[in-house]
file target29.cif (mmCIF, C-alpha atoms)
data_my_file
#
loop_
_atom_site.label_atom_id
_atom_site.label_comp_id
_atom_site.auth_asym_id
_atom_site.auth_seq_id
_atom_site.Cartn_x
_atom_site.Cartn_y
_atom_site.Cartn_z
CA MET A 258 103.72 100.00 138.04
CA ALA A 259 104.82 102.84 140.36
CA TYR A 260 108.06 103.19 138.41
CA GLN A 261 106.19 103.42 135.10
CA ALA A 262 103.83 106.04 136.56
CA VAL A 263 106.76 108.20 137.73
CA LYS A 264 108.46 107.76 134.38
CA LYS A 265 105.24 108.76 132.56
CA ALA A 266 104.84 111.89 134.71
CA ALA A 267 108.47 112.89 134.11
CA ARG A 268 108.07 112.39 130.37
CA GLU A 269 104.93 114.54 130.28
CA LEU A 270 106.68 117.33 132.18
CA ALA A 271 109.66 117.19 129.84
CA LEU A 272 107.41 117.18 126.75
CA ASP A 273 105.46 120.15 128.09
CA LYS A 274 108.66 122.11 128.55
CA ALA A 275 109.82 121.14 125.08
CA VAL A 276 106.52 122.42 123.64
CA ASN A 277 107.12 125.79 125.32
CA TYR A 278 110.44 126.00 123.50
CA LEU A 279 108.68 125.20 120.24
CA ALA A 280 106.14 127.98 120.75
CA LYS A 281 108.90 130.54 121.31
CA ASP A 282 110.82 129.75 118.13
CA PRO A 283 109.05 127.08 116.01
CA GLU A 284 111.56 126.96 113.15
CA LYS A 285 114.57 126.46 115.39
CA ASN A 286 113.12 124.35 118.17
CA LEU A 287 111.11 121.90 116.05
CA PHE A 288 114.28 119.86 115.67
CA VAL A 289 115.05 120.14 119.38
CA LEU A 290 111.66 118.53 119.96
CA ILE A 291 112.37 115.77 117.43
CA ASP A 292 115.74 115.05 119.06
CA PHE A 293 114.03 114.86 122.43
CA ALA A 294 111.44 112.41 121.07
CA GLU A 295 114.22 110.20 119.75
CA ARG A 296 115.81 110.02 123.20
CA LEU A 297 112.46 108.98 124.69
CA ALA A 298 111.75 106.36 121.99
CA PHE A 299 110.85 102.88 123.21
CA ASP A 300 113.04 100.83 120.86
CA GLN A 301 115.52 101.10 118.00
CA GLU A 302 112.80 100.89 115.35
CA GLN A 303 111.06 103.93 116.83
CA LYS A 304 114.38 105.76 116.93
CA ARG A 305 114.99 104.88 113.28
CA LYS A 306 111.59 106.26 112.23
CA ILE A 307 112.18 109.49 114.14
CA ARG A 308 115.56 109.92 112.44
CA LEU A 309 113.88 109.43 109.06
CA LEU A 310 111.32 112.05 110.06
CA ARG A 311 114.11 114.47 110.93
CA GLU A 312 115.71 113.94 107.53
CA HIS A 313 112.38 114.49 105.81
CA PHE A 314 111.86 117.74 107.73
CA LYS A 315 115.39 119.01 107.18
CA ASP A 316 115.51 122.15 104.99
CA ASN A 317 111.78 121.78 104.31
CA ASP A 318 110.19 125.23 104.42
CA LEU A 319 106.68 123.73 104.37
CA VAL A 320 107.35 121.85 107.60
CA LYS A 321 108.65 125.01 109.21
CA GLU A 322 105.52 126.87 108.09
CA GLN A 323 103.35 124.10 109.58
CA ALA A 324 105.30 124.32 112.84
CA ARG A 325 104.63 128.06 113.00
CA ARG A 326 100.90 127.48 112.47
CA LEU A 327 100.62 124.75 115.09
CA SER A 328 102.65 126.60 117.73
CA LYS A 329 100.02 129.35 117.93
CA ASN A 330 98.05 127.18 120.39
CA PRO A 331 100.53 125.99 123.04
CA ARG A 332 97.84 124.15 125.03
CA MET A 333 96.75 122.06 122.08
CA ILE A 334 100.25 121.29 120.86
CA SER A 335 101.14 120.30 124.41
CA LYS A 336 98.20 117.88 124.46
CA PHE A 337 99.20 116.64 121.03
CA MET A 338 102.74 115.91 122.14
CA ILE A 339 101.75 114.30 125.44
CA ASN A 340 98.78 112.27 124.16
CA TRP A 341 99.67 111.45 120.55
CA VAL A 342 103.45 111.26 120.89
CA GLY A 343 104.14 110.54 124.55
CA ASN A 344 101.22 108.25 125.40
CA GLY A 345 100.30 106.93 121.96
CA MET A 346 103.66 106.47 120.24
CA LEU A 347 106.15 106.06 123.08
CA GLU A 348 104.53 104.62 126.21
CA GLY A 349 101.66 103.09 124.23
CA GLN A 350 104.04 101.26 121.92
CA ARG A 351 105.79 99.67 124.89
CA ILE A 352 102.47 98.45 126.30
CA ARG A 353 101.22 97.24 122.89
CA VAL A 354 104.36 95.21 122.27
CA GLU A 355 104.18 93.60 125.71
CA LYS A 356 100.44 92.90 125.39
CA GLY A 357 100.88 91.57 121.88
CA LYS A 358 103.43 89.01 123.10
CA GLU A 359 101.15 88.06 125.99
CA LEU A 360 98.05 87.67 123.80
CA GLY A 361 99.73 86.29 120.70
CA VAL A 362 98.01 88.84 118.42
CA ALA A 363 98.73 92.28 117.04
CA VAL A 364 97.57 95.17 119.21
CA PRO A 365 96.68 98.14 116.98
CA SER A 366 97.69 101.72 117.70
CA LEU A 367 94.20 103.18 117.25
CA ILE A 368 90.53 102.26 117.02
CA LEU A 369 87.64 103.78 115.07
CA VAL A 370 84.48 104.03 117.17
CA ASP A 371 80.95 105.11 116.18
CA PRO A 372 79.29 106.35 119.40
CA THR A 373 76.00 106.68 117.50
CA ALA A 374 74.57 105.91 114.07
CA ALA A 375 72.21 108.87 114.37
CA CYS A 376 72.80 111.70 111.92
CA ASN A 377 71.02 114.94 111.10
CA LEU A 378 71.86 114.55 107.38
CA SER A 379 70.99 111.83 104.86
CA CYS A 380 73.75 111.94 102.25
CA PRO A 381 73.61 109.71 99.18
CA GLY A 382 76.54 107.33 99.02
CA CYS A 383 77.14 107.42 102.79
CA TRP A 384 79.18 104.35 103.77
CA ALA A 385 77.23 104.16 107.06
CA GLY A 386 73.84 104.88 105.51
CA ASP A 387 72.51 101.32 105.82
CA TYR A 388 73.11 101.00 109.56
CA SER A 389 70.10 101.53 111.78
CA LYS A 390 70.05 105.15 112.95
CA ALA A 391 68.64 103.90 116.26
CA ASP A 392 71.94 102.23 117.14
CA SER A 393 74.01 103.89 119.85
CA LEU A 394 76.62 102.89 122.40
CA GLU A 395 75.55 103.27 126.00
CA PRO A 396 77.72 105.89 127.76
CA GLU A 397 79.01 103.22 130.14
CA LEU A 398 80.01 101.01 127.21
CA PHE A 399 81.76 103.83 125.37
CA ASP A 400 83.66 104.70 128.54
CA ARG A 401 84.61 101.03 129.06
CA ILE A 402 85.98 100.81 125.53
CA LEU A 403 88.23 103.80 126.20
CA ARG A 404 89.43 102.46 129.54
CA GLU A 405 90.20 99.05 128.08
CA ALA A 406 91.94 100.67 125.13
CA LYS A 407 94.43 102.39 127.42
CA GLU A 408 95.11 99.12 129.23
CA LEU A 409 96.22 97.77 125.84
CA GLY A 410 98.36 100.83 125.08
CA ILE A 411 95.85 102.38 122.66
CA TYR A 412 95.64 106.12 123.29
CA TRP A 413 94.37 107.26 119.87
CA VAL A 414 90.67 107.01 119.09
CA VAL A 415 88.97 108.16 115.89
CA LEU A 416 85.24 108.89 116.07
CA SER A 417 82.70 108.49 113.30
CA GLY A 418 79.07 107.54 112.95
CA GLY A 419 76.45 108.60 112.19
CA GLU A 420 77.42 112.05 113.32
CA PRO A 421 79.59 112.02 116.46
CA PHE A 422 78.28 115.39 117.63
CA ALA A 423 74.74 113.99 117.58
CA TYR A 424 75.84 111.79 120.51
CA PRO A 425 74.78 113.78 123.60
CA HIS A 426 77.48 112.30 125.87
CA LEU A 427 80.42 112.84 123.50
CA LEU A 428 82.30 115.72 125.10
CA ASP A 429 81.46 114.64 128.66
CA ILE A 430 83.09 111.25 128.11
CA ILE A 431 86.08 112.60 126.19
CA SER A 432 86.72 115.09 128.99
CA GLU A 433 87.11 112.15 131.37
CA HIS A 434 89.98 110.81 129.24
CA GLN A 435 92.37 113.75 129.09
CA ASP A 436 95.31 111.41 128.52
CA MET A 437 93.86 110.24 125.18
CA ALA A 438 93.82 111.85 121.72
CA PHE A 439 90.61 111.96 119.66
CA MET A 440 89.76 112.88 116.10
CA ALA A 441 86.15 113.10 114.90
CA TYR A 442 84.86 112.79 111.34
CA THR A 443 82.00 115.26 111.33
CA ASN A 444 79.62 117.06 108.98
CA GLY A 445 80.26 120.13 111.12
CA THR A 446 76.66 121.32 111.24
CA LEU A 447 76.09 120.56 114.94
CA ILE A 448 79.17 122.32 116.30
CA ASP A 449 78.07 125.52 118.02
CA GLU A 450 79.87 128.13 120.16
CA GLU A 451 79.48 126.14 123.38
CA LYS A 452 80.82 122.90 121.90
CA ALA A 453 83.73 124.78 120.34
CA ARG A 454 84.54 126.46 123.66
CA ARG A 455 84.59 123.10 125.47
CA MET A 456 86.72 121.52 122.77
CA GLY A 457 89.20 124.38 123.05
CA GLU A 458 89.43 123.89 126.81
CA MET A 459 89.84 120.11 126.52
CA ALA A 460 92.40 120.45 123.69
CA ASN A 461 92.44 116.70 123.02
CA ILE A 462 89.98 116.43 120.11
CA SER A 463 90.39 117.49 116.50
CA PRO A 464 87.44 117.56 114.06
CA ALA A 465 87.87 116.50 110.42
CA PHE A 466 85.15 118.21 108.41
CA SER A 467 83.53 116.19 105.62
CA LEU A 468 83.70 118.07 102.33
CA GLU A 469 82.96 117.11 98.74
CA GLY A 470 84.63 120.11 97.10
CA TRP A 471 83.33 123.65 96.84
CA GLU A 472 79.87 124.80 97.94
CA LYS A 473 78.18 123.37 94.83
CA GLU A 474 79.62 119.87 95.29
CA THR A 475 79.26 119.77 99.08
CA ASP A 476 75.67 121.02 99.13
CA ALA A 477 74.69 118.72 96.26
CA ARG A 478 75.51 115.70 98.41
CA ARG A 479 74.97 116.98 101.93
CA GLY A 480 72.12 119.47 101.58
CA LYS A 481 71.75 123.16 100.83
CA GLY A 482 73.59 125.38 103.29
CA THR A 483 75.95 122.68 104.58
CA PHE A 484 79.09 124.22 103.10
CA GLN A 485 78.52 127.55 104.84
CA LYS A 486 77.78 125.79 108.14
CA ILE A 487 81.11 123.99 107.83
CA ARG A 488 82.86 127.32 107.20
CA LYS A 489 81.19 128.68 110.36
CA ALA A 490 82.44 125.66 112.33
CA MET A 491 85.95 126.20 110.92
CA SER A 492 85.76 129.80 112.13
CA LEU A 493 84.84 128.57 115.60
CA MET A 494 87.82 126.24 115.53
CA ARG A 495 90.15 129.12 114.73
CA GLU A 496 88.63 131.30 117.46
CA ASN A 497 89.18 128.56 120.05
CA GLY A 498 92.62 127.48 118.85
CA ILE A 499 91.52 123.96 117.85
CA TYR A 500 93.47 122.00 115.24
CA PHE A 501 91.17 120.71 112.52
CA GLY A 502 91.29 119.11 109.11
CA ALA A 503 89.19 118.00 106.18
CA SER A 504 87.91 114.57 105.24
CA VAL A 505 87.20 114.17 101.54
CA THR A 506 85.82 111.32 99.47
CA ALA A 507 87.45 111.28 96.04
CA THR A 508 85.04 110.20 93.32
CA SER A 509 85.21 110.04 89.54
CA GLU A 510 83.33 113.36 89.51
CA ASN A 511 85.14 115.50 92.10
CA VAL A 512 88.74 114.22 92.27
CA ASP A 513 90.13 117.00 90.09
CA ILE A 514 88.51 119.66 92.28
CA LEU A 515 89.62 118.17 95.60
CA PHE A 516 93.26 117.97 94.51
CA SER A 517 93.49 121.27 92.68
CA ASP A 518 95.87 123.97 93.89
CA ASP A 519 92.98 126.37 94.47
CA TYR A 520 91.13 123.95 96.73
CA ILE A 521 94.16 123.00 98.82
CA ASP A 522 95.12 126.68 99.14
CA TRP A 523 91.59 127.42 100.35
CA LEU A 524 91.82 124.70 103.03
CA VAL A 525 95.15 126.11 104.20
CA ASP A 526 93.72 129.63 104.32
CA GLU A 527 90.75 128.36 106.35
CA GLY A 528 93.21 126.89 108.87
CA ALA A 529 93.11 123.16 108.11
CA VAL A 530 96.30 121.36 109.14
CA TYR A 531 95.51 118.02 107.47
CA MET A 532 93.34 116.46 104.77
CA TRP A 533 92.39 112.77 104.78
CA SER A 534 91.40 111.39 101.39
CA PHE A 535 89.18 108.32 100.97
CA HIS A 536 88.53 106.74 97.60
CA TYR A 537 84.83 106.16 97.04
CA ILE A 538 83.84 102.59 97.99
CA PRO A 539 80.39 101.34 96.85
CA VAL A 540 79.01 100.43 100.28
CA GLY A 541 76.13 101.90 102.27
CA ARG A 542 73.24 104.07 101.12
CA ASP A 543 72.64 104.23 97.33
CA ALA A 544 75.98 102.61 96.45
CA ASP A 545 77.03 103.69 92.95
CA THR A 546 79.96 102.00 91.23
CA ASN A 547 80.10 104.81 88.66
CA LEU A 548 81.54 107.06 91.36
CA MET A 549 84.62 104.87 91.84
CA LEU A 550 87.92 106.25 90.56
CA SER A 551 89.11 104.81 87.27
CA ALA A 552 92.54 103.21 87.15
CA GLU A 553 93.83 106.27 85.30
CA GLN A 554 92.40 108.69 87.87
CA ARG A 555 93.86 106.68 90.73
CA ARG A 556 97.30 106.56 89.10
CA ASP A 557 97.23 110.30 88.40
CA LEU A 558 96.27 110.94 92.01
CA ILE A 559 99.55 109.43 93.18
CA TYR A 560 101.46 112.15 91.38
CA LYS A 561 99.04 114.95 92.26
CA VAL A 562 99.27 114.18 95.97
CA GLY A 563 103.05 113.86 95.77
CA ARG A 564 103.35 117.30 94.21
CA LEU A 565 100.91 118.91 96.65
CA ARG A 566 102.80 117.46 99.60
CA SER A 567 105.96 119.10 98.34
CA GLU A 568 104.31 122.48 97.77
CA LYS A 569 101.56 123.03 100.38
CA PRO A 570 101.83 123.42 104.20
CA VAL A 571 99.16 120.83 104.96
CA LEU A 572 99.43 117.12 105.74
CA ILE A 573 97.68 115.05 103.04
CA ALA A 574 96.99 111.32 103.44
CA ASP A 575 95.64 109.32 100.51
CA PHE A 576 94.82 106.09 102.33
CA TRP A 577 94.59 103.65 99.42
CA ASN A 578 97.47 105.09 97.42
CA ASP A 579 99.64 105.39 100.53
CA GLY A 580 99.88 101.61 100.90
CA GLU A 581 103.63 101.73 100.34
CA ALA A 582 104.06 103.91 103.42
CA THR A 583 101.96 101.58 105.59
CA GLN A 584 103.23 98.35 104.03
CA GLY A 585 99.74 97.36 102.93
CA CYS A 586 96.27 97.44 104.47
CA ILE A 587 96.13 98.81 108.03
CA ALA A 588 92.71 97.33 108.92
CA GLY A 589 91.59 94.09 110.55
CA GLY A 590 93.36 94.78 113.83
CA ARG A 591 96.78 95.25 112.25
CA LEU A 592 96.94 99.00 112.96
CA PHE A 593 93.24 99.72 113.57
CA PHE A 594 89.71 98.29 113.52
CA HIS A 595 86.15 99.59 113.71
CA ILE A 596 83.46 99.34 116.38
CA ASN A 597 80.11 100.44 114.97
CA ALA A 598 77.24 101.96 116.92
CA ALA A 599 75.62 98.55 117.38
CA GLY A 600 78.82 97.32 119.02
CA ASP A 601 79.84 95.06 116.11
CA VAL A 602 83.61 94.74 115.70
CA GLU A 603 84.44 95.21 112.01
CA PRO A 604 87.78 95.19 110.14
CA CYS A 605 87.29 98.78 108.94
CA ALA A 606 84.59 101.33 108.17
CA PHE A 607 83.92 99.81 104.74
CA ALA A 608 83.97 96.05 105.46
CA HIS A 609 80.67 95.53 107.24
CA PHE A 610 81.19 92.04 108.60
CA ALA A 611 81.78 90.83 112.15
CA THR A 612 82.12 87.78 114.33
CA ASP A 613 82.11 89.58 117.70
CA ASN A 614 80.27 92.33 119.51
CA ILE A 615 81.94 94.53 122.10
CA ARG A 616 78.92 94.17 124.38
CA ASP A 617 79.70 90.48 124.83
CA LYS A 618 83.49 90.58 125.12
CA SER A 619 86.34 92.76 126.31
CA LEU A 620 88.51 94.72 123.90
CA GLU A 621 91.30 92.27 124.60
CA GLU A 622 89.09 89.34 123.64
CA VAL A 623 87.73 90.84 120.40
CA LEU A 624 91.28 91.40 119.12
CA GLN A 625 91.52 87.62 118.80
CA ASN A 626 88.41 87.17 116.68
CA PRO A 627 88.66 84.76 113.71
CA LEU A 628 87.94 87.42 111.07
CA PHE A 629 90.95 89.52 112.10
CA LYS A 630 93.15 86.43 112.30
CA ALA A 631 92.09 85.34 108.82
CA MET A 632 93.02 88.77 107.46
CA GLN A 633 96.31 89.06 109.30
CA LYS A 634 97.62 85.68 108.20
CA ARG A 635 97.11 86.71 104.55
CA HIS A 636 98.67 90.14 104.96
CA PRO A 637 100.10 91.71 102.90
CA TYR A 638 97.64 90.83 100.16
CA SER A 639 100.20 91.71 97.49
CA GLU A 640 103.92 92.44 97.33
CA ASN A 641 102.90 95.54 95.41
CA HIS A 642 101.65 97.88 98.14
CA LEU A 643 99.97 100.09 95.57
CA MET A 644 97.24 97.43 95.90
CA PRO A 645 96.63 97.28 99.67
CA CYS A 646 92.86 96.88 99.98
CA PRO A 647 90.90 93.60 100.30
CA ILE A 648 87.73 95.33 99.06
CA ILE A 649 88.69 97.26 95.92
CA ASP A 650 92.09 95.71 95.09
CA HIS A 651 91.69 92.06 96.13
CA PRO A 652 87.95 91.41 96.50
CA HIS A 653 88.54 87.65 96.49
CA ILE A 654 90.43 88.09 99.77
CA LEU A 655 87.40 89.62 101.47
CA ARG A 656 85.23 86.73 100.27
CA GLU A 657 87.76 84.21 101.58
CA VAL A 658 88.13 85.70 105.05
CA VAL A 659 84.39 86.15 105.52
CA ALA A 660 83.75 82.53 104.57
CA GLU A 661 86.67 81.16 106.60
CA SER A 662 85.78 83.10 109.77
CA GLY A 663 82.02 82.68 109.57
CA ALA A 664 81.60 86.45 109.81
CA LYS A 665 78.09 87.80 109.45
CA PRO A 666 77.00 90.99 107.64
CA THR A 667 76.31 93.83 110.06
CA HIS A 668 73.39 95.18 108.03
CA GLU A 669 71.08 93.90 105.32
CA ASP A 670 73.01 95.12 102.26
CA ALA A 671 76.57 94.50 103.49
CA GLU A 672 77.03 91.42 101.31
CA HIS A 673 76.80 93.45 98.09
CA VAL A 674 80.60 93.74 98.06
CA ILE A 675 81.08 89.97 98.04
CA LYS A 676 78.27 88.80 95.77
CA GLY A 677 76.02 90.23 93.09
CA GLU A 678 76.36 93.13 90.68
CA ILE A 679 78.58 95.34 92.86
CA ALA A 680 80.90 92.42 93.60
CA ASN A 681 81.23 91.71 89.89
CA HIS A 682 82.15 95.34 89.26
CA LEU A 683 84.79 95.19 92.01
CA ASP A 684 86.37 92.20 90.27
CA LYS A 685 86.59 94.16 87.02
CA ILE A 686 87.88 97.42 88.46
CA SER A 687 90.45 95.64 90.65
CA ALA A 688 91.77 93.79 87.59
CA ARG A 689 92.20 97.09 85.74
CA TRP A 690 93.97 98.65 88.70
CA ARG A 691 96.21 95.59 89.12
CA GLU A 692 97.45 96.00 85.57
CA THR A 693 98.07 99.72 86.10
CA ALA A 694 99.70 99.26 89.51
CA GLU A 695 102.08 96.58 88.24
CA LYS A 696 103.18 98.87 85.40
CA GLU A 697 103.67 101.68 87.89
CA LYS A 698 105.80 99.50 90.15
CA ALA A 699 107.87 98.23 87.24
CA GLN A 700 108.51 101.78 86.11
CA ARG A 701 109.67 102.77 89.58
CA LEU A 702 112.02 99.83 89.79
CA ALA A 703 113.46 100.73 86.39
CA GLU A 704 114.14 104.28 87.56
CA THR A 705 116.02 103.23 90.71
#
call {"tool": "encode", "arguments": {"input": "target29.cif", "output": "structure tokens"}}
result
Amino acid sequence: MAYQAVKKAARELALDKAVNYLAKDPEKNLFVLIDFAERLAFDQEQKRKIRLLREHFKDNDLVKEQARRLSKNPRMISKFMINWVGNGMLEGQRIRVEKGKELGVAVPSLILVDPTAACNLSCPGCWAGDYSKADSLEPELFDRILREAKELGIYWVVLSGGEPFAYPHLLDIISEHQDMAFMAYTNGTLIDEEKARRMGEMANISPAFSLEGWEKETDARRGKGTFQKIRKAMSLMRENGIYFGASVTATSENVDILFSDDYIDWLVDEGAVYMWSFHYIPVGRDADTNLMLSAEQRRDLIYKVGRLRSEKPVLIADFWNDGEATQGCIAGGRLFFHINAAGDVEPCAFAHFATDNIRDKSLEEVLQNPLFKAMQKRHPYSENHLMPCPIIDHPHILREVVAESGAKPTHEDAEHVIKGEIANHLDKISARWRETAEKEKAQRLAET
């Protein structure tokens, strides 16, 4: 243990020095930093991935532009490298592999935690809208989850809710875990000057602002004035040197706006360094299957995102369409899982079923729950990774694992995705996407 502690301290010092080089000349020293990360890598597979990253970055002007933008805040990029790369990817991977062998289950690289279900907004279509707003994790429990996560090699934690910044203990607890990296999905309306100042000092949390498009689309769903409040919060992020991004829900009505050149350019101009895209899933408050992407819209999005990635200096992740990059679904404990504000341990933010509650068991114990095991033994759900999801691509899989594991719904309307009118619609839309995805895969194979 003493040896590992010394090694960890030496790695952090070396990474901090490497970050200083990056800040002085981002274009040149980005690759010095990548080379250094490869030397620190835990195993040959990590080294291989870093080499692929280097090749992807080579002669890519967009990557160099992103490096210039990020290097403007040396403290935050230092935290990013030490917490995300050093602790999460390098040291964390070593611990996760060892713990996985010891426990006989996969240990994910991150967890999604809802500190509270409370929210100051009431948005139609909210995936968390049917949880009780009274639910909240006790500060001691939230802190325990983070401590146990690190023991398992998990140094990345994503926060949701509810509204994370409605949780009064949020920044106090995060400040006690300076060796961890946090990202918070937020509506942005509760971030004021004092919170922004503290976040800038801590430098280990990045907010992802929830947007529906321009002011018209965002305010229509989230309430009049929300868009301008988000812009104010973005301004505070820039003033305090905090990396931030956008979280968007692509629907049949707004997908063309969200992935237009004008919109992405606006996000870049505002200072966003990433955009996470979620396809609308009919769960939660006022679920509406009409908002789901059609097969044609989803196929077109593959090409839109591909082009934008090649032309814009912002990281874009399209979680459902990026199944090829992740080799299928990442949920159910494979790469992440969800702890809601009631403590229920769910496969992801959209599958509201659980067999365990974190109040009753340790993090180590809940990783071995029967729902996760039922999902992992079936994974991948298709050899075509354009169909990764057990909710919208393979709804029969979700029904099977819930029945096999004895999982219970975590709120009254959770079962709508496995029986009834919404479930029937999921069967139909997944069949249409399966036909489209198989044609897409066949076309790709023909072109190689």
call {"tool": "closest_residue", "arguments": {"input": "target29.cif", "among": "A:Ala391, A:Ile352, A:Met491, A:Met549", "to": "Ala599 of chain A", "atoms": "only C-alpha atoms"}}
result
A:Ala391
call {"tool": "closest_residue", "arguments": {"input": "target29.cif", "among": "A:Asn626, A:Asp371, A:Pro421, A:Leu548", "to": "Ile686 of chain A", "atoms": "only C-alpha atoms"}}
result
A:Leu548
call {"tool": "atom_distance", "arguments": {"input": "target29.cif", "atom1": "atom CA of Ile538 of chain A", "atom2": "atom CA of Thr446 of chain A"}}
result
24.0 Å
call {"tool": "closest_residue", "arguments": {"input": "target29.cif", "among": "A:Ser467, A:Gly498, A:Met440, A:Met632", "to": "Phe484 of chain A", "atoms": "only C-alpha atoms"}}
result
A:Ser467
call {"tool": "atom_distance", "arguments": {"input": "target29.cif", "atom1": "atom CA of Pro645 of chain A", "atom2": "atom CA of Cys586 of chain A"}}
result
4.8 Å
call {"tool": "closest_residue", "arguments": {"input": "target29.cif", "among": "A:Leu565, A:Ile499, A:Leu702, A:Ile334", "to": "Asp519 of chain A", "atoms": "all atoms listed in the file"}}
result
A:Leu565
call {"tool": "resolve_selection", "arguments": {"input": "target29.cif", "expression": "the PyMOL selection byres ((chain A and resi 595) around 10)", "output": "list in words"}}
result
Leu367, Ile368, Leu369, Val370, Asp371, Val415, Leu416, Ser417, Ala588, Gly589, Gly590, Phe593, Phe594, Ile596, Asn597, Ala598, Gly600, Asp601, Val602, Glu603, Pro604, Cys605, Ala606, Phe607, Ala608, His609 and Ala611 of chain A
call {"tool": "residues_around", "arguments": {"input": "target29.cif", "residues": "Ser534 of chain A", "least_positions_apart": "2", "cutoff": "6 Å", "atoms": "all atoms listed in the file", "output": "list of chain:residue names"}}
result
A:Val505, A:Thr506, A:Ala574, A:Asp575
call {"tool": "resolve_selection", "arguments": {"input": "target29.cif", "expression": "the PyMOL selection byres ((chain A and resi 512) around 12)", "output": "ChimeraX atom specification"}}
result
/A:468-471,474,505-511,513-517,520,534-537,548-551,553-559,561-562,575
call {"tool": "write_last_selection", "arguments": {"input": "target29.cif", "atoms": "C-alpha atoms", "output": "mmCIF file, in the coordinates of the input"}}
result
data_model
loop_
_atom_site.group_PDB
_atom_site.id
_atom_site.type_symbol
_atom_site.label_atom_id
_atom_site.label_comp_id
_atom_site.auth_asym_id
_atom_site.auth_seq_id
_atom_site.Cartn_x
_atom_site.Cartn_y
_atom_site.Cartn_z
ATOM 1 C CA LEU A 468 83.700 118.070 102.330
ATOM 2 C CA GLU A 469 82.960 117.110 98.740
ATOM 3 C CA GLY A 470 84.630 120.110 97.100
ATOM 4 C CA TRP A 471 83.330 123.650 96.840
ATOM 5 C CA GLU A 474 79.620 119.870 95.290
ATOM 6 C CA VAL A 505 87.200 114.170 101.540
ATOM 7 C CA THR A 506 85.820 111.320 99.470
ATOM 8 C CA ALA A 507 87.450 111.280 96.040
ATOM 9 C CA THR A 508 85.040 110.200 93.320
ATOM 10 C CA SER A 509 85.210 110.040 89.540
ATOM 11 C CA GLU A 510 83.330 113.360 89.510
ATOM 12 C CA ASN A 511 85.140 115.500 92.100
ATOM 13 C CA ASP A 513 90.130 117.000 90.090
ATOM 14 C CA ILE A 514 88.510 119.660 92.280
ATOM 15 C CA LEU A 515 89.620 118.170 95.600
ATOM 16 C CA PHE A 516 93.260 117.970 94.510
ATOM 17 C CA SER A 517 93.490 121.270 92.680
ATOM 18 C CA TYR A 520 91.130 123.950 96.730
ATOM 19 C CA SER A 534 91.400 111.390 101.390
ATOM 20 C CA PHE A 535 89.180 108.320 100.970
ATOM 21 C CA HIS A 536 88.530 106.740 97.600
ATOM 22 C CA TYR A 537 84.830 106.160 97.040
ATOM 23 C CA LEU A 548 81.540 107.060 91.360
ATOM 24 C CA MET A 549 84.620 104.870 91.840
ATOM 25 C CA LEU A 550 87.920 106.250 90.560
ATOM 26 C CA SER A 551 89.110 104.810 87.270
ATOM 27 C CA GLU A 553 93.830 106.270 85.300
ATOM 28 C CA GLN A 554 92.400 108.690 87.870
ATOM 29 C CA ARG A 555 93.860 106.680 90.730
ATOM 30 C CA ARG A 556 97.300 106.560 89.100
ATOM 31 C CA ASP A 557 97.230 110.300 88.400
ATOM 32 C CA LEU A 558 96.270 110.940 92.010
ATOM 33 C CA ILE A 559 99.550 109.430 93.180
ATOM 34 C CA LYS A 561 99.040 114.950 92.260
ATOM 35 C CA VAL A 562 99.270 114.180 95.970
ATOM 36 C CA ASP A 575 95.640 109.320 100.510
#
call {"tool": "residues_around", "arguments": {"input": "target29.cif", "residues": "Pro539 of chain A", "least_positions_apart": "5", "cutoff": "10 Å", "atoms": "only C-alpha atoms", "output": "MDAnalysis selection string"}}
result
chainID A and resid 382:384 544:549 607 648:649 673:674 679:680 682:683
call {"tool": "closest_residue", "arguments": {"input": "target29.cif", "among": "A:Cys380, A:Gly343, A:Glu697, A:Leu319", "to": "Tyr560 of chain A", "atoms": "only C-alpha atoms"}}
result
A:Glu697
call {"tool": "atom_distance", "arguments": {"input": "target29.cif", "atom1": "atom CA of Ala552 of chain A", "atom2": "atom CA of Arg691 of chain A"}}
result
8.7 Å
call {"tool": "resolve_selection", "arguments": {"input": "target29.cif", "expression": "the PyMOL selection byres ((chain A and resi 373-379) around 8)", "output": "MDAnalysis selection string"}}
result
chainID A and resid 371:372 380:381 383 385:386 388:394 418:421 423:424 479:480 597:598
call {"tool": "closest_residue", "arguments": {"input": "target29.cif", "among": "A:His434, A:Arg495, A:Lys569, A:Arg656", "to": "Ile521 of chain A", "atoms": "all atoms listed in the file"}}
result
A:Lys569
call {"tool": "residues_around", "arguments": {"input": "target29.cif", "residues": "Ala529 of chain A", "least_positions_apart": "2", "cutoff": "7 Å", "atoms": "all atoms listed in the file", "output": "PyMOL selection string"}}
result
chain A and resi 501-503+524-525+527+531
call {"tool": "residues_around", "arguments": {"input": "target29.cif", "residues": "Val364 of chain A", "least_positions_apart": "6", "cutoff": "10 Å", "atoms": "all atoms listed in the file", "output": "NGL selection string"}}
result
:A and (350 or 352-358 or 406 or 409-411 or 590-593 or 621 or 624-625)
call {"tool": "residues_around", "arguments": {"input": "target29.cif", "residues": "Pro627 of chain A", "least_positions_apart": "5", "cutoff": "10 Å", "atoms": "only C-alpha atoms", "output": "VMD selection string"}}
result
chain A and resid 611 to 613 632 to 633 658 to 659 661 to 664
